[in-house]
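First the structure, in the form of C-alpha coordinates, and then the observations on it.
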Amino acid sequence: MDWELLARFFRLQRLLRQEVEARLGPLGLSGLEAWLLKVLSQRPYPSEAARAMGLPPPTVSHMVRRLERAGFLAREVDPEDLRLTPKGTRALRRAEALMAEAFARRASRLQEGERAELLRLFAKLEEDAE
(Lines give C-alpha, C1' and ligand atoms only; values in the text may rest on other atoms or scores of the structure.)
Protein backbone atom coordinates (compact mmCIF):
# COMPACT_ATOMS: atom_id res chain seq x y z
CA MET A 1 0.00 0.00 0.00
CA ASP A 2 2.74 2.49 0.94
CA TRP A 3 4.69 1.69 -2.22
CA GLU A 4 1.59 2.18 -4.35
CA LEU A 5 0.92 5.59 -2.76
CA LEU A 6 4.52 6.62 -3.26
CA ALA A 7 4.56 5.36 -6.84
CA ARG A 8 1.35 7.23 -7.67
CA PHE A 9 2.72 10.41 -6.13
CA PHE A 10 5.92 10.12 -8.20
CA ARG A 11 3.95 9.35 -11.38
CA LEU A 12 1.73 12.40 -10.88
CA GLN A 13 4.76 14.56 -10.21
CA ARG A 14 6.47 13.19 -13.35
CA LEU A 15 3.36 13.77 -15.49
CA LEU A 16 3.03 17.36 -14.29
CA ARG A 17 6.75 17.99 -14.76
CA GLN A 18 6.71 16.56 -18.30
CA GLU A 19 3.69 18.65 -19.28
CA VAL A 20 5.15 21.85 -17.87
CA GLU A 21 8.77 21.25 -18.96
CA ALA A 22 7.69 21.12 -22.61
CA ARG A 23 6.10 24.54 -22.25
CA LEU A 24 8.93 26.06 -20.20
CA GLY A 25 11.53 25.29 -22.87
CA PRO A 26 10.78 28.41 -24.93
CA LEU A 27 11.37 30.50 -21.79
CA GLY A 28 14.82 28.95 -21.41
CA LEU A 29 13.95 27.25 -18.12
CA SER A 30 13.64 23.74 -16.78
CA GLY A 31 11.01 22.90 -14.19
CA LEU A 32 13.65 22.70 -11.47
CA GLU A 33 15.01 26.11 -12.45
CA ALA A 34 11.50 27.60 -12.37
CA TRP A 35 11.08 26.16 -8.88
CA LEU A 36 14.43 27.67 -7.86
CA LEU A 37 13.29 31.09 -9.13
CA LYS A 38 10.18 30.74 -6.97
CA VAL A 39 12.21 29.81 -3.90
CA LEU A 40 14.76 32.60 -4.49
CA SER A 41 11.95 35.13 -4.85
CA GLN A 42 11.15 34.37 -1.21
CA ARG A 43 14.62 33.40 0.09
CA PRO A 44 17.30 35.24 -1.88
CA TYR A 45 20.21 33.25 -0.47
CA PRO A 46 21.36 30.10 -2.32
CA SER A 47 22.11 28.17 0.88
CA GLU A 48 18.57 28.83 2.16
CA ALA A 49 17.15 27.87 -1.22
CA ALA A 50 19.10 24.59 -1.22
CA ARG A 51 17.73 23.74 2.25
CA ALA A 52 14.17 24.68 1.28
CA MET A 53 14.35 22.57 -1.88
CA GLY A 54 16.15 19.63 -0.31
CA LEU A 55 18.92 19.86 -2.91
CA PRO A 56 22.69 19.75 -2.45
CA PRO A 57 24.18 23.27 -2.30
CA PRO A 58 26.54 22.60 -5.26
CA THR A 59 23.52 21.71 -7.42
CA VAL A 60 21.80 24.97 -6.49
CA SER A 61 25.02 26.94 -7.04
CA HIS A 62 25.37 25.49 -10.53
CA MET A 63 21.74 26.34 -11.34
CA VAL A 64 22.15 29.87 -9.93
CA ARG A 65 25.18 30.51 -12.17
CA ARG A 66 23.23 29.35 -15.23
CA LEU A 67 20.23 31.51 -14.30
CA GLU A 68 22.54 34.50 -13.79
CA ARG A 69 24.18 33.99 -17.20
CA ALA A 70 20.73 33.73 -18.79
CA GLY A 71 19.66 37.02 -17.18
CA PHE A 72 17.03 35.61 -14.79
CA LEU A 73 18.97 36.54 -11.62
CA ALA A 74 21.26 39.35 -10.50
CA ARG A 75 23.38 39.67 -7.38
CA GLU A 76 22.79 42.58 -5.06
CA VAL A 77 25.32 44.38 -2.84
CA ASP A 78 25.86 41.20 -0.82
CA PRO A 79 27.23 38.67 -3.34
CA GLU A 80 25.19 35.93 -1.66
CA ASP A 81 21.96 37.95 -2.05
CA LEU A 82 20.25 37.11 -5.33
CA ARG A 83 17.29 38.96 -6.82
CA LEU A 84 15.11 38.11 -9.76
CA THR A 85 15.61 40.40 -12.72
CA PRO A 86 12.57 41.65 -14.65
CA LYS A 87 13.20 38.76 -17.08
CA GLY A 88 13.30 36.33 -14.14
CA THR A 89 10.08 37.75 -12.70
CA ARG A 90 8.29 37.40 -16.05
CA ALA A 91 9.57 33.84 -16.46
CA LEU A 92 8.50 32.92 -12.93
CA ARG A 93 5.00 34.29 -13.49
CA ARG A 94 4.69 32.29 -16.71
CA ALA A 95 6.05 29.13 -15.07
CA GLU A 96 3.60 29.51 -12.18
CA ALA A 97 0.73 29.91 -14.64
CA LEU A 98 1.81 26.83 -16.60
CA MET A 99 2.07 24.71 -13.46
CA ALA A 100 -1.26 26.00 -12.17
CA GLU A 101 -2.95 25.15 -15.49
CA ALA A 102 -1.45 21.66 -15.58
CA PHE A 103 -2.39 20.94 -11.99
CA ALA A 104 -5.86 22.49 -12.32
CA ARG A 105 -6.68 20.13 -15.18
CA ARG A 106 -5.91 17.17 -12.94
CA ALA A 107 -7.39 18.62 -9.75
CA SER A 108 -10.66 19.41 -11.52
CA ARG A 109 -11.38 15.68 -11.34
CA LEU A 110 -11.70 16.03 -7.56
CA GLN A 111 -14.67 17.43 -5.74
CA GLU A 112 -14.09 20.36 -3.39
CA GLY A 113 -14.19 18.15 -0.30
CA GLU A 114 -11.70 15.75 -1.88
CA ARG A 115 -9.29 18.62 -2.62
CA ALA A 116 -9.57 19.85 0.98
CA GLU A 117 -8.93 16.34 2.25
CA LEU A 118 -5.91 15.96 -0.05
CA LEU A 119 -4.43 19.22 1.28
CA ARG A 120 -5.04 18.06 4.84
CA LEU A 121 -3.36 14.73 4.14
CA PHE A 122 -0.34 16.31 2.46
CA ALA A 123 0.06 18.68 5.42
CA LYS A 124 -0.07 15.70 7.76
CA LEU A 125 2.59 13.84 5.73
CA GLU A 126 4.85 16.93 5.74
CA GLU A 127 4.71 17.41 9.53
CA ASP A 128 8.16 17.60 11.08
CA ALA A 129 9.75 17.72 7.61
CA GLU A 130 11.89 20.75 8.39
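Naming scheme: A, B, ... for chains in displayed order of the C-alpha coordinates; residues 1 onward per chain; ligands 1 onward as shown.
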
Within 10 Å of segment 88-91 of chain A using only C-alpha atoms, minus same-chain residues under 6 positions, as a VMD selection string:
chain A and resid 24 27 to 29 34 37 to 38 41 67 to 68 70 to 74 97

List as an MDAnalysis selection string the protein and nucleic acid residues near Arg43 of chain A, meaning an atom at most 12 Å away when only C-alpha atoms are counted, but skip any in the same chain fewer than 2 places from it.
chainID A and resid 36:41 45:53 80:84

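Coordinates place atom CA of Arg105 of chain A at a distance of 12.2 Å from atom CA of Val20 of chain A.
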
Interatomic distance, atom CA of Gln18 of chain A to atom CA of Arg115 of chain A (Å, one decimal):
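Atom CA of Gln18 of chain A sits 22.5 Å away from atom CA of Arg115 of chain A.
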